[in-house]
Amino acid sequence: MPNPLYSRPKAWVRPPKRGLAPELWASRIPLTHLENFYEVFRAIWENRDQLGYAWRILRDGVCDGCALGTSGLEDWTVHGVHLCNVRLRLLRLNTLPPLDPRVLGDAEALRGRRSRELRLLGRLPYPMLRLRGERGFRRIPWDEALDLAADYLRRYLPDGAFFYLTSRGTPNETYYVVQKAVRALGCNHVDNAARVCHSPSTQALKEALGVAATTCSYTDLIGTDLVVFLGSNVANNQPVMMKYLYHAKRAGTKVAVVGPHREPGMARYWVPSDLESALFGTRIADRFFQILPGGDIALLHGAAKWMLLEGWVDLGFIREHTLGFEDYRALLEATPFEALEEASGVSREEMRAFAEMVGRAERAVFVWSMGITQHTHGEDNVRAIVNLALLKGFVGREGCGLMPIRGQSGVQGGAEMGAYATAFPGGLPVNEENARGLSALWGFPVPASPGLTLPEALDRALKGELGVLWAIGGDFREVMPGPLGVEEALGRIPLRVHQDIVLSGQMLVDPLEAVLLLPATTRYEVPGGVTETSTERRVIYSPEIPGPRPPEARPEWEVFQELVHRVRPELRDRFRFASTGAIREEIARVVPFYEGIGRLKAKGDQFQYGGRRLCEGWRFPTPEGKARFAPVPLPRREVPQGAFRVVTRRGKQFNSMVHEDQDPLTGAPRDAVYMNPKDAARLGLKPGDQVALENPFGRYVGRVHLAEVKEGTLEVHWPEGNVLVDPKARSPLARIPAYKEIVARVERAPAEASPILRP
């Protein structure tokens, strides 16, 4: 009997063309790009000691890499194998044997090692402790570790403790229990990676549409008229999306890419799971619109002006289903094209070409990522995208939608489970009314004041005002701006607890008083299985996979339950879960749109909350029942004469976990400074020359790499480029760092090493 929770998608908007499509080939010469094939053989070699376990993870688990969602080797968008090089590279983290605890006896000797070298030492096997003045870590029992943590928490709660969860395959069950535990301990000081990536998207979508997630499904991409990527390079960051785009191109979909760099992977890509594309590659983008960094709003405003001038708008939809249009139109009319050209870096003719692609499309999907959100005006960037989509009613119908694409598995659920300083489960704001409602559900008082975000917590730590930091995964020295300042802040915290599956560099920062390492399980090791929420709002069950286990690794949710019992023993009866199944049943009661999660119990079980599309039939869950335009001003940004705009970018990596020293899509090494050939010629530089980028926040030394980036723009890899990011520059509502908003001067540099961390 078929599983009723396992559903195949309905038909695509238009079916892909059958047979060969040589008009889409990237090359007439076969097999010019073999990198994806190498990854298969690399994965086999890396996991040769646990091949059976590795295969079971791939066959039965839900990918702990990207947030596109799977059940084993299948997904819900296209038939065929769901596998990408990100998933293959992460596989070894799940099959690593435990490390030899003796290597942690000398922490100083490990500090010079690269992050990837630390990871490959092996899994954390036991709780380990390092006290001030000690050279390294020693093994301790779990009871001693939790007693120590509880003692510090009793000393510093509620204002002096902060908790953080990374996106490292963290499931919904962990996010939910941890945030509930933090509230049971009396504060809202909890944050996670979802907020650092897409909280501006959450804010802007909720304001405009009444929903706070991707409005469509991946099936809406295949056969729609147009897909627009803004500040998003899925070829590097979500490579499985390229398979969907391959099928979309075969169905006649046009692709436009907006950004400062003509990304090679977005121009041409070799999809390994399709023989034709694997042999000859596929041309993806039909048109690039190369803007200045931060020029998105100007381009979008310019396109909107042209669409209004040419009549490429749906006035009926605007009149019947939106509010605020007249104010938006007035702003556009008052903004001259000259100002838009200067701010965007593109001509009004290019704006018209973009407007025509959007305006003549009957259906379109807009996809964006951190190139949009990680600005001081990140919320306004998203509002401008929504505005343009509303001109044609590109939401709530087939082949249409707004998609803030997620980069890591589980971050969508991290937001919706309430692991936020500013939001409770279900995305409810932290306020008195919602705190009362949760208090009634949970049976203990829930604090009603917003807590600290990660940047704010590190600010406090630097001042010596944070007593306990509890980090599940991650390495703040790598992911946050100003890594040297971050390291100093970590060294001023009396107790740091690092709960993870492998070693990270931040664990080795000398303790002010104590550093505690707690071994965690992967998602595949959790008894009772767990769930993940994908970008398209699909909640997917990932079963426990039989295989080897580190000696004393424990699921994070169990540890936090026990922690609450030690710190607040009076809550034992009100804070108790017998299993992950019990957690899912409570999530279903607390978060109404997750009602189906309690029925997920076996491989293939899943549901898509809200259905295939949110706002279906142009029904918007706003107070007025209508979508809202938001007139947003052009951001003001001065670039001194002779200085460059600099943005951070990804290479061959997953989040901050760097996998290769060279990006196979661009050919650039990790220390590359991507530079336009005209800028290089003007400065008398040639490929490979060593240069220094410098601003008031830091100095970065790299080598010139000529690339098709916008003149006056440079790109450097992240996280290495974090030394140049202003630690205080944050978006106004979401308060995320402005990683895409760097200004720096360039000079020829002697041979020297950048004072940066080596991921």
# chains A, B, ... in the order shown; residues from 1 in each chain; ligands from 1
$ select_by_dssp --residues "segment 118-250 of chain A" --states "strand (DSSP E)" --output "ChimeraX atom specification"
/A:128-131,138-139,161-165,190-192,226-230
$ write_last_selection --atoms "N, CA and C atoms" --output "short mmCIF file (atom, residue, chain, number, x, y, z; two decimals), in the first residue's frame"
data_model
loop_
_atom_site.label_atom_id
_atom_site.label_comp_id
_atom_site.auth_asym_id
_atom_site.auth_seq_id
_atom_site.Cartn_x
_atom_site.Cartn_y
_atom_site.Cartn_z
N MET A 128 34.92 16.79 27.21
CA MET A 128 36.30 17.14 27.56
C MET A 128 36.33 18.55 28.10
N LEU A 129 37.25 18.79 29.03
CA LEU A 129 37.31 20.07 29.76
C LEU A 129 38.73 20.61 29.74
N ARG A 130 38.81 21.93 29.56
CA ARG A 130 40.08 22.64 29.69
C ARG A 130 39.86 23.84 30.60
N LEU A 131 40.65 23.92 31.67
CA LEU A 131 40.56 25.03 32.60
C LEU A 131 41.66 26.04 32.33
N ARG A 138 41.06 17.47 28.94
CA ARG A 138 41.05 16.15 29.55
C ARG A 138 39.61 15.62 29.55
N ARG A 139 39.52 14.31 29.49
CA ARG A 139 38.21 13.67 29.46
C ARG A 139 37.53 13.77 30.82
N ALA A 161 23.90 34.78 29.78
CA ALA A 161 24.10 33.54 29.03
C ALA A 161 23.53 33.70 27.62
N PHE A 162 24.19 33.08 26.66
CA PHE A 162 23.76 33.17 25.26
C PHE A 162 23.94 31.81 24.60
N PHE A 163 22.98 31.45 23.74
CA PHE A 163 22.95 30.13 23.10
C PHE A 163 22.83 30.31 21.58
N TYR A 164 23.57 29.50 20.83
CA TYR A 164 23.58 29.63 19.38
C TYR A 164 23.57 28.25 18.74
N LEU A 165 22.81 28.12 17.64
CA LEU A 165 22.76 26.88 16.87
C LEU A 165 23.16 27.16 15.43
N VAL A 190 18.81 33.49 22.33
CA VAL A 190 19.08 32.35 21.47
C VAL A 190 19.04 32.82 20.02
N ASP A 191 19.96 32.32 19.23
CA ASP A 191 20.05 32.74 17.83
C ASP A 191 20.49 31.54 17.01
N ASN A 192 20.28 31.63 15.69
CA ASN A 192 20.73 30.55 14.81
C ASN A 192 21.05 31.09 13.43
N LEU A 226 10.02 32.74 -16.93
CA LEU A 226 11.24 33.44 -16.54
C LEU A 226 11.59 33.11 -15.10
N VAL A 227 12.88 32.86 -14.86
CA VAL A 227 13.42 32.76 -13.50
C VAL A 227 14.49 33.83 -13.37
N VAL A 228 14.37 34.66 -12.35
CA VAL A 228 15.33 35.74 -12.11
C VAL A 228 16.11 35.43 -10.84
N PHE A 229 17.43 35.42 -10.93
CA PHE A 229 18.30 35.24 -9.77
C PHE A 229 18.91 36.59 -9.41
N LEU A 230 18.77 36.98 -8.15
CA LEU A 230 19.32 38.24 -7.67
C LEU A 230 20.19 37.94 -6.45
#
$ residues_around --residues "Arg584 of chain A" --least-positions-apart "6" --cutoff "7 Å" --atoms "only C-alpha atoms" --output "PyMOL selection string"
chain A and resi 173+597-598
$ residues_around --residues "Phe697 of chain A" --least-positions-apart "3" --cutoff "9 Å" --atoms "only C-alpha atoms" --output "PyMOL selection string"
chain A and resi 482+694+723-727
$ write_last_selection --atoms "all heavy atoms" --output "PDB file, in the first residue's frame"
ATOM      1  N   GLY A 482      35.313  40.835  11.503  1.00  0.00           N
ATOM      2  CA  GLY A 482      36.330  41.155  12.497  1.00  0.00           C
ATOM      3  C   GLY A 482      36.787  39.948  13.280  1.00  0.00           C
ATOM      4  O   GLY A 482      36.649  39.914  14.508  1.00  0.00           O
ATOM      5  N   GLU A 694      42.781  47.216   1.861  1.00  0.00           N
ATOM      6  CA  GLU A 694      42.873  47.776   3.211  1.00  0.00           C
ATOM      7  C   GLU A 694      41.752  48.780   3.431  1.00  0.00           C
ATOM      8  O   GLU A 694      41.372  49.541   2.534  1.00  0.00           O
ATOM      9  CB  GLU A 694      44.230  48.446   3.413  1.00  0.00           C
ATOM     10  CG  GLU A 694      44.543  48.760   4.865  1.00  0.00           C
ATOM     11  CD  GLU A 694      46.023  49.006   5.097  1.00  0.00           C
ATOM     12  OE1 GLU A 694      46.785  49.082   4.109  1.00  0.00           O
ATOM     13  OE2 GLU A 694      46.418  49.114   6.275  1.00  0.00           O
ATOM     14  N   VAL A 723      37.906  39.933   7.392  1.00  0.00           N
ATOM     15  CA  VAL A 723      38.764  40.945   8.023  1.00  0.00           C
ATOM     16  C   VAL A 723      38.430  42.350   7.527  1.00  0.00           C
ATOM     17  O   VAL A 723      38.795  43.335   8.169  1.00  0.00           O
ATOM     18  CB  VAL A 723      40.259  40.648   7.759  1.00  0.00           C
ATOM     19  CG1 VAL A 723      40.686  39.393   8.485  1.00  0.00           C
ATOM     20  CG2 VAL A 723      40.543  40.531   6.256  1.00  0.00           C
ATOM     21  N   LEU A 724      37.738  42.458   6.394  1.00  0.00           N
ATOM     22  CA  LEU A 724      37.428  43.770   5.811  1.00  0.00           C
ATOM     23  C   LEU A 724      36.020  44.251   6.131  1.00  0.00           C
ATOM     24  O   LEU A 724      35.667  45.391   5.806  1.00  0.00           O
ATOM     25  CB  LEU A 724      37.591  43.713   4.285  1.00  0.00           C
ATOM     26  CG  LEU A 724      38.989  43.386   3.755  1.00  0.00           C
ATOM     27  CD1 LEU A 724      38.943  43.150   2.251  1.00  0.00           C
ATOM     28  CD2 LEU A 724      39.973  44.502   4.097  1.00  0.00           C
ATOM     29  N   VAL A 725      35.198  43.405   6.752  1.00  0.00           N
ATOM     30  CA  VAL A 725      33.799  43.751   7.006  1.00  0.00           C
ATOM     31  C   VAL A 725      33.688  44.605   8.262  1.00  0.00           C
ATOM     32  O   VAL A 725      34.292  44.304   9.293  1.00  0.00           O
ATOM     33  CB  VAL A 725      32.942  42.484   7.160  1.00  0.00           C
ATOM     34  CG1 VAL A 725      31.476  42.851   7.411  1.00  0.00           C
ATOM     35  CG2 VAL A 725      33.055  41.605   5.912  1.00  0.00           C
ATOM     36  N   ASP A 726      32.923  45.679   8.171  1.00  0.00           N
ATOM     37  CA  ASP A 726      32.670  46.539   9.326  1.00  0.00           C
ATOM     38  C   ASP A 726      31.839  45.756  10.348  1.00  0.00           C
ATOM     39  O   ASP A 726      30.680  45.420  10.086  1.00  0.00           O
ATOM     40  CB  ASP A 726      31.911  47.787   8.865  1.00  0.00           C
ATOM     41  CG  ASP A 726      31.589  48.745  10.013  1.00  0.00           C
ATOM     42  OD1 ASP A 726      31.889  48.416  11.178  1.00  0.00           O
ATOM     43  OD2 ASP A 726      31.035  49.825   9.728  1.00  0.00           O
ATOM     44  N   PRO A 727      32.373  45.452  11.533  1.00  0.00           N
ATOM     45  CA  PRO A 727      31.609  44.661  12.505  1.00  0.00           C
ATOM     46  C   PRO A 727      30.344  45.354  13.003  1.00  0.00           C
ATOM     47  O   PRO A 727      29.442  44.693  13.527  1.00  0.00           O
ATOM     48  CB  PRO A 727      32.606  44.457  13.654  1.00  0.00           C
ATOM     49  CG  PRO A 727      33.947  44.712  13.069  1.00  0.00           C
ATOM     50  CD  PRO A 727      33.730  45.748  12.008  1.00  0.00           C
TER      51      PRO A 727
END
$ closest_residue --among "A:Met403, A:Leu454, A:Leu110, A:Ala734" --to "Ser199 of chain A" --atoms "only C-alpha atoms"
A:Ala734
$ residues_around --residues "segment 373-386 of chain A" --least-positions-apart "5" --cutoff "8 Å" --atoms "only C-alpha atoms" --output "PyMOL selection string"
chain A and resi 197-201+203-205+208+294+296-297+300-301+366+402+629-632+635+729-734+736-741
$ closest_atom_pairs --of "segment 187-241 of chain A" --to "segment 267-284 of chain A" --cutoff "9 Å" --atoms "only C-alpha atoms" --output "Markdown table"
| residue | atom | partner | partner_atom | distance |
| --- | --- | --- | --- | --- |
| A:Ala235 | CA | A:Tyr269 | CA | 7.6 |
| A:Pro239 | CA | A:Val271 | CA | 8.8 |
| A:Val240 | CA | A:Val271 | CA | 8.6 |
$ write_last_selection --atoms "all heavy atoms" --output "short mmCIF file (atom, residue, chain, number, x, y, z; two decimals), in the first residue's frame"
data_model
loop_
_atom_site.label_atom_id
_atom_site.label_comp_id
_atom_site.auth_asym_id
_atom_site.auth_seq_id
_atom_site.Cartn_x
_atom_site.Cartn_y
_atom_site.Cartn_z
N ALA A 235 24.96 27.92 -8.59
CA ALA A 235 25.93 26.97 -9.13
C ALA A 235 26.98 26.62 -8.07
O ALA A 235 27.42 25.47 -7.98
CB ALA A 235 26.61 27.55 -10.37
N PRO A 239 24.06 23.53 -5.65
CA PRO A 239 24.27 22.94 -6.99
C PRO A 239 23.14 22.04 -7.46
O PRO A 239 22.96 21.86 -8.66
CB PRO A 239 25.59 22.16 -6.83
CG PRO A 239 25.80 22.02 -5.36
CD PRO A 239 25.16 23.19 -4.72
N VAL A 240 22.35 21.45 -6.53
CA VAL A 240 21.24 20.61 -7.00
C VAL A 240 20.21 21.45 -7.75
O VAL A 240 19.52 20.94 -8.64
CB VAL A 240 20.60 19.86 -5.82
CG1 VAL A 240 19.37 19.10 -6.25
CG2 VAL A 240 21.61 18.89 -5.21
#
$ select_by_dssp --residues "segment 537-714 of chain A" --states "alpha helix (DSSP H)" --output "list in words"
Glu556, Trp557, Glu558, Val559, Phe560, Gln561, Glu562, Leu563, Val564, His565, Arg566, Val567, Thr580, Gly581, Ala582, Ile583, Arg584, Glu585, Glu586, Ile587, Ala588, Arg589, Val590, Pro677, Lys678, Asp679, Ala680, Ala681 and Arg682 of chain A
$ residues_around --residues "Arg568 of chain A" --least-positions-apart "3" --cutoff "12 Å" --atoms "only C-alpha atoms" --output "mmCIF file with N, CA and C atoms, in the first residue's frame"
data_model
loop_
_atom_site.group_PDB
_atom_site.id
_atom_site.type_symbol
_atom_site.label_atom_id
_atom_site.label_comp_id
_atom_site.auth_asym_id
_atom_site.auth_seq_id
_atom_site.Cartn_x
_atom_site.Cartn_y
_atom_site.Cartn_z
ATOM 1 N N ALA A 150 25.702 23.673 34.550
ATOM 2 C CA ALA A 150 24.565 24.132 35.349
ATOM 3 C C ALA A 150 25.006 25.134 36.416
ATOM 4 N N ASP A 151 26.148 24.900 37.035
ATOM 5 C CA ASP A 151 26.660 25.830 38.054
ATOM 6 C C ASP A 151 26.884 27.217 37.447
ATOM 7 N N LEU A 153 25.533 28.445 34.690
ATOM 8 C CA LEU A 153 24.263 29.034 34.256
ATOM 9 C C LEU A 153 23.497 29.620 35.435
ATOM 10 N N ARG A 154 23.496 28.923 36.563
ATOM 11 C CA ARG A 154 22.822 29.481 37.744
ATOM 12 C C ARG A 154 23.468 30.803 38.161
ATOM 13 N N LEU A 157 22.605 33.386 34.628
ATOM 14 C CA LEU A 157 21.268 33.605 34.081
ATOM 15 C C LEU A 157 20.545 34.703 34.858
ATOM 16 N N ALA A 181 14.154 25.242 25.939
ATOM 17 C CA ALA A 181 15.007 25.168 27.127
ATOM 18 C C ALA A 181 15.536 26.540 27.515
ATOM 19 N N VAL A 182 15.967 27.310 26.532
ATOM 20 C CA VAL A 182 16.483 28.652 26.819
ATOM 21 C C VAL A 182 15.395 29.487 27.492
ATOM 22 N N ARG A 183 14.170 29.382 26.992
ATOM 23 C CA ARG A 183 13.068 30.135 27.610
ATOM 24 C C ARG A 183 12.737 29.594 29.000
ATOM 25 N N ALA A 184 12.850 28.289 29.192
ATOM 26 C CA ALA A 184 12.640 27.723 30.527
ATOM 27 C C ALA A 184 13.700 28.216 31.502
ATOM 28 N N LEU A 185 14.888 28.512 30.993
ATOM 29 C CA LEU A 185 15.963 29.025 31.838
ATOM 30 C C LEU A 185 15.811 30.513 32.124
ATOM 31 N N GLY A 186 14.824 31.165 31.484
ATOM 32 C CA GLY A 186 14.483 32.525 31.865
ATOM 33 C C GLY A 186 14.939 33.631 30.957
ATOM 34 N N PHE A 444 5.168 27.126 32.242
ATOM 35 C CA PHE A 444 6.149 27.910 33.002
ATOM 36 C C PHE A 444 6.233 29.298 32.383
ATOM 37 N N PHE A 560 19.994 19.206 26.415
ATOM 38 C CA PHE A 560 19.318 20.414 26.901
ATOM 39 C C PHE A 560 18.162 20.073 27.838
ATOM 40 N N GLN A 561 17.500 18.963 27.611
ATOM 41 C CA GLN A 561 16.462 18.548 28.544
ATOM 42 C C GLN A 561 17.071 18.289 29.922
ATOM 43 N N GLU A 562 18.186 17.580 29.936
ATOM 44 C CA GLU A 562 18.836 17.299 31.214
ATOM 45 C C GLU A 562 19.372 18.573 31.850
ATOM 46 N N LEU A 563 19.830 19.499 31.041
ATOM 47 C CA LEU A 563 20.331 20.764 31.570
ATOM 48 C C LEU A 563 19.226 21.527 32.299
ATOM 49 N N VAL A 564 18.039 21.589 31.692
ATOM 50 C CA VAL A 564 16.918 22.262 32.345
ATOM 51 C C VAL A 564 16.594 21.588 33.674
ATOM 52 N N HIS A 565 16.630 20.277 33.717
ATOM 53 C CA HIS A 565 16.327 19.553 34.950
ATOM 54 C C HIS A 565 17.332 19.875 36.052
ATOM 55 N N LEU A 571 10.971 22.141 37.114
ATOM 56 C CA LEU A 571 10.328 22.003 35.801
ATOM 57 C C LEU A 571 10.426 20.591 35.230
ATOM 58 N N ARG A 572 10.915 19.647 35.998
ATOM 59 C CA ARG A 572 11.107 18.286 35.472
ATOM 60 C C ARG A 572 9.840 17.724 34.825
ATOM 61 N N ASP A 573 8.718 17.901 35.467
ATOM 62 C CA ASP A 573 7.480 17.319 34.937
ATOM 63 C C ASP A 573 6.917 18.105 33.764
ATOM 64 N N ARG A 574 7.298 19.381 33.638
ATOM 65 C CA ARG A 574 6.764 20.224 32.566
ATOM 66 C C ARG A 574 7.711 20.338 31.378
ATOM 67 N N PHE A 575 8.915 19.830 31.540
ATOM 68 C CA PHE A 575 9.888 19.863 30.445
ATOM 69 C C PHE A 575 10.448 18.452 30.298
#
$ atom_distance --atom1 "atom CA of Ala415 of chain A" --atom2 "atom CA of Glu720 of chain A"
26.8 Å
$ closest_residue --among "A:Arg92, A:Arg87, A:Arg612, A:Arg348" --to "Leu120 of chain A" --atoms "only C-alpha atoms"
A:Arg92
$ atom_distance --atom1 "atom CA of Ala298 of chain A" --atom2 "atom CA of Gly712 of chain A"
17.2 Å
$ closest_residue --among "A:Ser344, A:Asn236, A:Asn722, A:Thr219" --to "Pro483 of chain A" --atoms "only C-alpha atoms"
A:Asn722
$ residues_around --residues "Gln290 of chain A" --least-positions-apart "3" --cutoff "9 Å" --atoms "only C-alpha atoms" --output "JSON, numbers by chain"
{"A": [257, 258, 259, 260, 261, 262, 344, 345, 346, 709, 710]}
$ write_last_selection --atoms "all heavy atoms" --output "CSV table (one decimal), in the first residue's frame"
chain,number,residue,atom,x,y,z
A,257,VAL,N,20.1,36.7,-14.6
A,257,VAL,CA,20.9,36.8,-13.5
A,257,VAL,C,21.4,38.2,-13.2
A,257,VAL,O,21.9,38.9,-14.1
A,257,VAL,CB,22.2,35.9,-13.6
A,257,VAL,CG1,23.0,35.9,-12.3
A,257,VAL,CG2,21.8,34.4,-13.9
A,258,VAL,N,21.1,38.7,-12.0
A,258,VAL,CA,21.4,40.1,-11.6
A,258,VAL,C,22.5,40.0,-10.5
A,258,VAL,O,22.3,39.3,-9.5
A,258,VAL,CB,20.2,40.8,-11.0
A,258,VAL,CG1,20.6,42.2,-10.5
A,258,VAL,CG2,19.1,40.9,-12.1
A,259,GLY,N,23.6,40.6,-10.8
A,259,GLY,CA,24.7,40.7,-9.8
A,259,GLY,C,26.0,41.3,-10.4
A,259,GLY,O,26.0,41.6,-11.6
A,260,PRO,N,27.0,41.5,-9.6
A,260,PRO,CA,28.2,42.2,-10.1
A,260,PRO,C,29.1,41.3,-10.9
A,260,PRO,O,30.0,41.8,-11.6
A,260,PRO,CB,28.9,42.6,-8.8
A,260,PRO,CG,28.0,42.3,-7.7
A,260,PRO,CD,27.1,41.3,-8.1
A,261,HIS,N,28.9,40.0,-10.9
A,261,HIS,CA,29.9,39.1,-11.5
A,261,HIS,C,29.1,38.2,-12.5
A,261,HIS,O,28.0,37.7,-12.2
A,261,HIS,CB,30.5,38.2,-10.5
A,261,HIS,CG,31.6,37.3,-11.0
A,261,HIS,ND1,32.2,36.3,-10.2
A,261,HIS,CD2,32.2,37.3,-12.2
A,261,HIS,CE1,33.1,35.7,-10.9
A,261,HIS,NE2,33.2,36.2,-12.1
A,262,ARG,N,29.7,38.1,-13.7
A,262,ARG,CA,29.1,37.1,-14.7
A,262,ARG,C,29.6,35.7,-14.3
A,262,ARG,O,30.6,35.3,-14.8
A,262,ARG,CB,29.5,37.5,-16.1
A,262,ARG,CG,28.8,36.8,-17.2
A,262,ARG,CD,29.2,37.2,-18.6
A,262,ARG,NE,28.3,36.7,-19.6
A,262,ARG,CZ,28.4,35.4,-20.1
A,262,ARG,NH1,29.4,34.6,-19.7
A,262,ARG,NH2,27.6,35.0,-21.1
A,344,SER,N,22.9,52.1,-9.9
A,344,SER,CA,23.0,50.7,-10.3
A,344,SER,C,24.2,50.3,-11.1
A,344,SER,O,24.6,49.1,-11.1
A,344,SER,CB,21.7,50.3,-11.1
A,344,SER,OG,21.8,51.0,-12.4
A,345,GLY,N,24.8,51.3,-11.8
A,345,GLY,CA,25.9,51.0,-12.7
A,345,GLY,C,25.5,50.4,-14.0
A,345,GLY,O,26.3,50.0,-14.8
A,346,VAL,N,24.2,50.4,-14.3
A,346,VAL,CA,23.7,50.0,-15.6
A,346,VAL,C,22.9,51.1,-16.3
A,346,VAL,O,22.4,52.0,-15.6
A,346,VAL,CB,22.9,48.7,-15.6
A,346,VAL,CG1,23.6,47.6,-14.9
A,346,VAL,CG2,21.6,48.9,-14.8
A,709,VAL,N,33.9,40.8,-13.5
A,709,VAL,CA,33.2,41.5,-12.5
A,709,VAL,C,33.0,42.9,-13.0
A,709,VAL,O,33.7,43.4,-13.8
A,709,VAL,CB,34.0,41.5,-11.1
A,709,VAL,CG1,34.0,40.1,-10.6
A,709,VAL,CG2,35.4,42.0,-11.3
A,710,LYS,N,32.0,43.6,-12.4
A,710,LYS,CA,31.8,45.0,-12.7
A,710,LYS,C,33.0,45.9,-12.4
A,710,LYS,O,33.7,45.7,-11.4
A,710,LYS,CB,30.6,45.5,-11.9
A,710,LYS,CG,30.0,46.8,-12.3
A,710,LYS,CD,29.3,46.8,-13.5
A,710,LYS,CE,28.6,48.1,-13.9
A,710,LYS,NZ,27.9,48.0,-15.2
$ atom_distance --atom1 "atom CA of Gln179 of chain A" --atom2 "atom CA of Asp159 of chain A"
15.5 Å
